[in-house]
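Source file: my_file-v8.tsv; contents: TSV, C-alpha atoms.
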```
chain	number	residue	atom	x	y	z
A	1	MET	CA	88.43	109.46	85.02
A	2	ARG	CA	86.92	110.77	88.23
A	3	PHE	CA	87.06	109.35	91.75
A	4	SER	CA	85.71	110.52	95.07
A	5	THR	CA	88.33	110.99	97.75
A	6	MET	CA	88.39	108.43	100.53
A	7	VAL	CA	86.70	109.93	103.58
A	8	LYS	CA	87.29	108.53	107.05
A	9	GLY	CA	86.66	110.18	110.39
A	10	GLY	CA	86.17	113.60	108.86
A	11	ARG	CA	89.42	113.39	106.89
A	12	SER	CA	89.43	113.26	103.12
A	13	ARG	CA	92.41	111.71	101.37
A	14	PRO	CA	93.36	111.17	97.69
A	15	VAL	CA	93.29	107.38	97.93
A	16	LEU	CA	92.29	105.23	94.96
A	17	PRO	CA	91.33	101.55	94.67
A	18	LEU	CA	94.19	100.30	92.50
A	19	ILE	CA	94.20	96.93	90.79
A	20	VAL	CA	97.69	95.44	90.79
A	21	GLU	CA	98.51	92.47	88.58
A	22	SER	CA	101.66	90.39	88.56
A	23	LEU	CA	103.19	89.49	85.21
A	24	SER	CA	101.86	85.96	85.84
A	25	GLY	CA	98.30	87.31	85.97
A	26	GLN	CA	97.42	87.29	89.69
A	27	ARG	CA	95.33	90.33	90.65
A	28	ILE	CA	94.41	92.15	93.85
A	29	VAL	CA	92.96	95.56	94.76
A	30	ILE	CA	94.85	97.82	97.18
A	31	ASP	CA	94.47	101.33	98.58
A	32	ALA	CA	96.91	103.69	96.84
A	33	LEU	CA	97.67	107.21	98.06
A	34	LEU	CA	98.40	109.79	95.35
A	35	ASP	CA	101.67	111.38	96.52
A	36	THR	CA	103.02	114.16	94.27
A	37	GLY	CA	106.11	114.39	96.48
A	38	ALA	CA	107.18	110.78	96.00
A	39	ASP	CA	109.88	110.09	93.40
A	40	LEU	CA	108.62	106.59	92.78
A	41	SER	CA	105.61	104.38	93.37
A	42	LEU	CA	105.99	102.05	96.32
A	43	LEU	CA	104.01	99.01	97.40
A	44	PRO	CA	104.38	97.13	100.70
A	45	VAL	CA	105.95	93.71	100.99
A	46	ASP	CA	102.47	92.30	101.67
A	47	VAL	CA	101.53	92.93	98.03
A	48	ALA	CA	104.39	90.71	96.90
A	49	ILE	CA	103.14	88.02	99.28
A	50	ALA	CA	99.59	88.25	97.91
A	51	LEU	CA	100.81	88.13	94.31
A	52	GLY	CA	103.26	85.27	94.88
A	53	ILE	CA	106.33	87.35	93.97
A	54	ASP	CA	109.62	86.05	95.38
A	55	LEU	CA	111.53	89.13	96.52
A	56	LEU	CA	114.66	87.09	97.26
A	57	THR	CA	115.36	86.94	93.54
A	58	LEU	CA	115.31	90.76	93.19
A	59	PRO	CA	118.05	93.30	94.04
A	60	GLN	CA	117.50	95.73	96.92
A	61	THR	CA	117.83	99.51	96.43
A	62	PRO	CA	118.09	102.06	99.30
A	63	VAL	CA	115.43	104.76	99.66
A	64	SER	CA	114.70	107.48	102.23
A	65	SER	CA	111.18	108.29	103.39
A	66	ALA	CA	109.91	111.84	103.85
A	67	LEU	CA	110.32	111.27	107.58
A	68	GLY	CA	113.96	110.33	107.20
A	69	GLN	CA	113.67	106.56	107.53
A	70	GLN	CA	116.27	104.55	105.63
A	71	LEU	CA	114.55	101.66	103.85
A	72	THR	CA	115.12	99.35	100.92
A	73	TYR	CA	112.93	98.39	98.00
A	74	ALA	CA	113.01	95.83	95.24
A	75	PRO	CA	112.38	97.34	91.78
A	76	LEU	CA	110.11	95.48	89.38
A	77	ASP	CA	107.42	95.94	86.71
A	78	LEU	CA	103.75	95.25	87.43
A	79	MET	CA	100.54	95.88	85.53
A	80	MET	CA	98.25	98.43	87.13
A	81	GLU	CA	94.63	99.23	86.42
A	82	LEU	CA	92.16	101.92	87.46
A	83	ARG	CA	88.48	101.46	86.75
A	84	SER	CA	85.67	103.97	86.93
A	85	MET	CA	83.13	102.58	84.56
A	86	PRO	CA	82.97	102.86	81.63
A	87	ASP	CA	86.64	103.86	81.59
A	88	VAL	CA	89.58	101.58	82.25
A	89	TYR	CA	93.19	102.76	82.42
A	90	ARG	CA	95.73	99.96	82.29
A	91	TRP	CA	99.49	100.41	82.21
A	92	ARG	CA	102.78	98.71	82.90
A	93	ALA	CA	104.42	100.45	85.87
A	94	HIS	CA	107.94	100.38	87.20
A	95	VAL	CA	107.50	100.28	90.98
A	96	GLY	CA	109.35	99.43	94.15
A	97	ILE	CA	108.32	96.79	96.65
A	98	LEU	CA	109.21	98.12	100.07
A	99	SER	CA	110.69	95.76	102.65
A	100	GLN	CA	107.99	96.58	105.21
A	101	SER	CA	104.26	97.15	105.66
A	102	MET	CA	102.68	100.50	104.81
A	103	THR	CA	99.49	102.31	105.73
A	104	TYR	CA	98.80	102.89	102.04
A	105	SER	CA	100.65	102.06	98.86
A	106	ILE	CA	102.06	105.19	97.20
A	107	LEU	CA	101.54	106.32	93.62
A	108	GLY	CA	104.44	108.69	92.89
A	109	THR	CA	106.28	110.13	89.90
A	110	ARG	CA	107.85	106.92	88.56
A	111	GLY	CA	105.11	104.47	87.74
A	112	PHE	CA	102.23	106.97	87.90
A	113	PHE	CA	102.67	110.74	87.44
A	114	GLU	CA	105.02	110.16	84.50
A	115	HIS	CA	101.92	108.78	82.73
A	116	PHE	CA	99.00	110.85	84.14
A	117	ARG	CA	97.77	114.38	84.76
A	118	LEU	CA	96.05	114.98	88.09
A	119	SER	CA	93.40	117.42	89.30
A	120	TYR	CA	92.75	117.22	93.04
A	121	ASP	CA	89.81	119.28	94.30
A	122	TRP	CA	89.81	118.81	98.05
A	123	SER	CA	86.80	121.06	98.65
A	124	ALA	CA	84.68	119.03	96.21
A	125	GLN	CA	86.28	115.77	97.41
A	126	LEU	CA	87.12	114.82	93.85
A	127	ILE	CA	90.16	113.45	92.05
A	128	GLU	CA	90.36	113.56	88.25
A	129	ILE	CA	93.11	111.85	86.32
A	130	GLU	CA	93.79	111.45	82.62
A	131	PRO	CA	96.66	109.93	80.71
A	132	SER	CA	99.27	112.43	79.55
A	133	GLY	CA	100.18	110.18	76.62
A	134	PRO	CA	100.02	106.58	75.46
A	135	LEU	CA	100.13	104.25	78.46
A	136	PRO	CA	102.98	101.69	78.42
A	137	GLN	CA	101.76	98.13	78.01
B	1	MET	CA	84.33	98.01	88.94
B	2	THR	CA	84.69	100.92	91.37
B	3	PRO	CA	84.60	99.11	94.71
B	4	THR	CA	82.98	100.87	97.64
B	5	ILE	CA	82.95	99.72	101.23
B	6	PRO	CA	79.83	100.79	103.18
B	7	PRO	CA	80.44	103.23	106.08
B	8	ALA	CA	78.89	100.73	108.53
B	9	VAL	CA	81.60	98.21	107.60
B	10	GLU	CA	84.33	100.85	107.99
B	11	GLN	CA	82.94	101.70	111.42
B	12	ARG	CA	82.86	98.08	112.53
B	13	TYR	CA	86.47	97.43	111.48
B	14	ASP	CA	87.98	100.73	112.59
B	15	GLY	CA	91.75	100.40	112.80
B	16	LYS	CA	91.84	96.93	111.19
B	17	TRP	CA	92.80	95.53	107.82
B	18	ILE	CA	90.05	93.73	105.93
B	19	ALA	CA	89.90	91.47	102.90
B	20	TRP	CA	86.89	92.60	100.86
B	21	ASP	CA	85.51	90.25	98.22
B	22	THR	CA	84.75	92.56	95.28
B	23	GLU	CA	82.30	90.05	93.75
B	24	THR	CA	80.16	89.27	96.82
B	25	ASN	CA	80.78	92.63	98.57
B	26	LEU	CA	81.53	90.90	101.87
B	27	VAL	CA	84.38	91.00	104.37
B	28	VAL	CA	86.00	87.56	104.28
B	29	ALA	CA	88.83	88.23	106.76
B	30	SER	CA	90.10	90.88	109.13
B	31	GLY	CA	93.27	91.40	111.13
B	32	ASP	CA	95.94	93.72	112.41
B	33	SER	CA	98.13	93.69	109.30
B	34	MET	CA	97.82	93.13	105.59
B	35	THR	CA	99.98	90.03	105.85
B	36	GLN	CA	97.66	88.56	108.50
B	37	VAL	CA	94.57	89.28	106.40
B	38	ILE	CA	96.13	87.80	103.27
B	39	GLU	CA	96.84	84.60	105.19
B	40	ARG	CA	93.35	84.44	106.69
B	41	ALA	CA	91.71	85.02	103.29
B	42	ARG	CA	93.93	82.56	101.45
B	43	ASP	CA	91.49	79.59	101.55
B	44	HIS	CA	88.63	81.79	100.34
B	45	VAL	CA	90.76	83.14	97.49
B	46	ASP	CA	91.92	79.66	96.50
B	47	GLN	CA	88.35	78.31	96.53
B	48	THR	CA	86.62	81.19	94.72
B	49	GLY	CA	89.29	82.93	92.65
B	50	HIS	CA	87.50	86.19	93.40
B	51	LEU	CA	89.29	89.53	93.17
B	52	MET	CA	90.14	90.68	96.70
B	53	TRP	CA	90.52	94.24	97.95
B	54	TYR	CA	92.98	94.40	100.84
B	55	HIS	CA	91.87	97.57	102.60
B	56	ASN	CA	93.26	99.34	105.65
B	57	VAL	CA	90.44	100.90	107.67
B	58	VAL	CA	92.71	103.63	109.02
B	59	LYS	CA	91.82	104.68	112.55
B	60	ASN	CA	89.50	107.66	112.81
B	61	ASP	CA	92.07	109.81	114.58
B	62	ALA	CA	95.08	108.72	112.50
B	63	VAL	CA	97.20	111.35	110.79
B	64	VAL	CA	98.79	110.16	107.58
B	65	VAL	CA	102.15	111.76	106.68
B	66	GLY	CA	103.23	110.21	103.44
B	67	SER	CA	102.19	106.67	104.19
B	68	ILE	CA	105.25	104.92	105.56
B	69	TRP	CA	105.07	104.44	109.30
```
So, in terms of structure tokens, how does the structure I just supplied come out?
Amino acid sequence: MRFSTMVKGGRSRPVLPLIVESLSGQRIVIDALLDTGADLSLLPVDVAIALGIDLLTLPQTPVSSALGQQLTYAPLDLMMELRSMPDVYRWRAHVGILSQSMTYSILGTRGFFEHFRLSYDWSAQLIEIEPSGPLPQ
Amino acid sequence: MTPTIPPAVEQRYDGKWIAWDTETNLVVASGDSMTQVIERARDHVDQTGHLMWYHNVVKNDAVVVGSIW
């Protein structure tokens, strides 16, 4: 599956339109940054608000950002979907809901790279991904 | 569905969050945070049930390091 990078103000970034679905079936699309240095996939608290997920019922786990911030996230499973017609990749992802807003959601090792291979060609402004095995449902 | 937001829209909402209706291809709300935009788009979502893309039109001169600010 191939995507163009997201270009803004002369900068090109590996950002994908990611469909996120709660286990109750509510769906939204968010910007998700492919981050090979992230141990896990993280979504901002706003996503939980949009999907009607009550974070108060979930445990909080500490996490450090690449810039040294100490934050907490709530672990949970969500369905994720990428579409670039005619292909659709859909998988159940273990992610963290961060306790704050974010510029972009992050697709990291847990929840994304454990399931996909990535080719990122910055000069051609292209991202190609393919499943590395059966996608968890 | 591979949603695309036209450059003219990105330019108009530089630095803002927008709620983009993926069925009508229109901005239905804008604001300074995703939470604000979700709230402003809530009535539209409830009435239409359309799939919304909550998109951050990152400022032209912004440098993204990771993505947590």
Quote the spacing between atom CA of B:Asp21 and atom CA of A:Ala124 in Å to one decimal place.
->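 Atom-to-atom, atom CA of B:Asp21 and atom CA of A:Ala124 are spaced 28.9 Å apart.
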For atom CA of B:Asn56 and atom CA of B:Asp32, quote the distance in Å rounded to one decimal.
->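 Computed distance, atom CA of B:Asn56 to atom CA of B:Asp32, equals 9.2 Å.
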Compute the chain A side of the contact with chain B at 6 Å, counting all atoms listed in the file, and hand it back as a PyMOL selection string.
-> chain A and resi 9+28-30+46+83-84+102-104
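Taking atom CA of B:Ile18 and atom CA of B:Gly31 as endpoints, the distance between them is 6.5 Å.
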A:Glu114 environment, 12 Å, all atoms listed in the file, sequence neighbours closer than 3 positions dropped, as a list in words | Thr36, Ala38, Asp39, Leu40, Ser41, Trp91, Arg92, Ala93, His94, Leu107, Gly108, Thr109, Arg110, Gly111, Arg117, Leu118, Glu130, Pro131, Ser132, Gly133, Pro134, Leu135 and Pro136 of chain A
Nearest candidate to A:Ile97 (options A:Leu51, A:Val45, A:Leu82, A:Leu126; using all atoms listed in the file) =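 Residue with the minimum atom-to-atom distance to A:Ile97: A:Val45.
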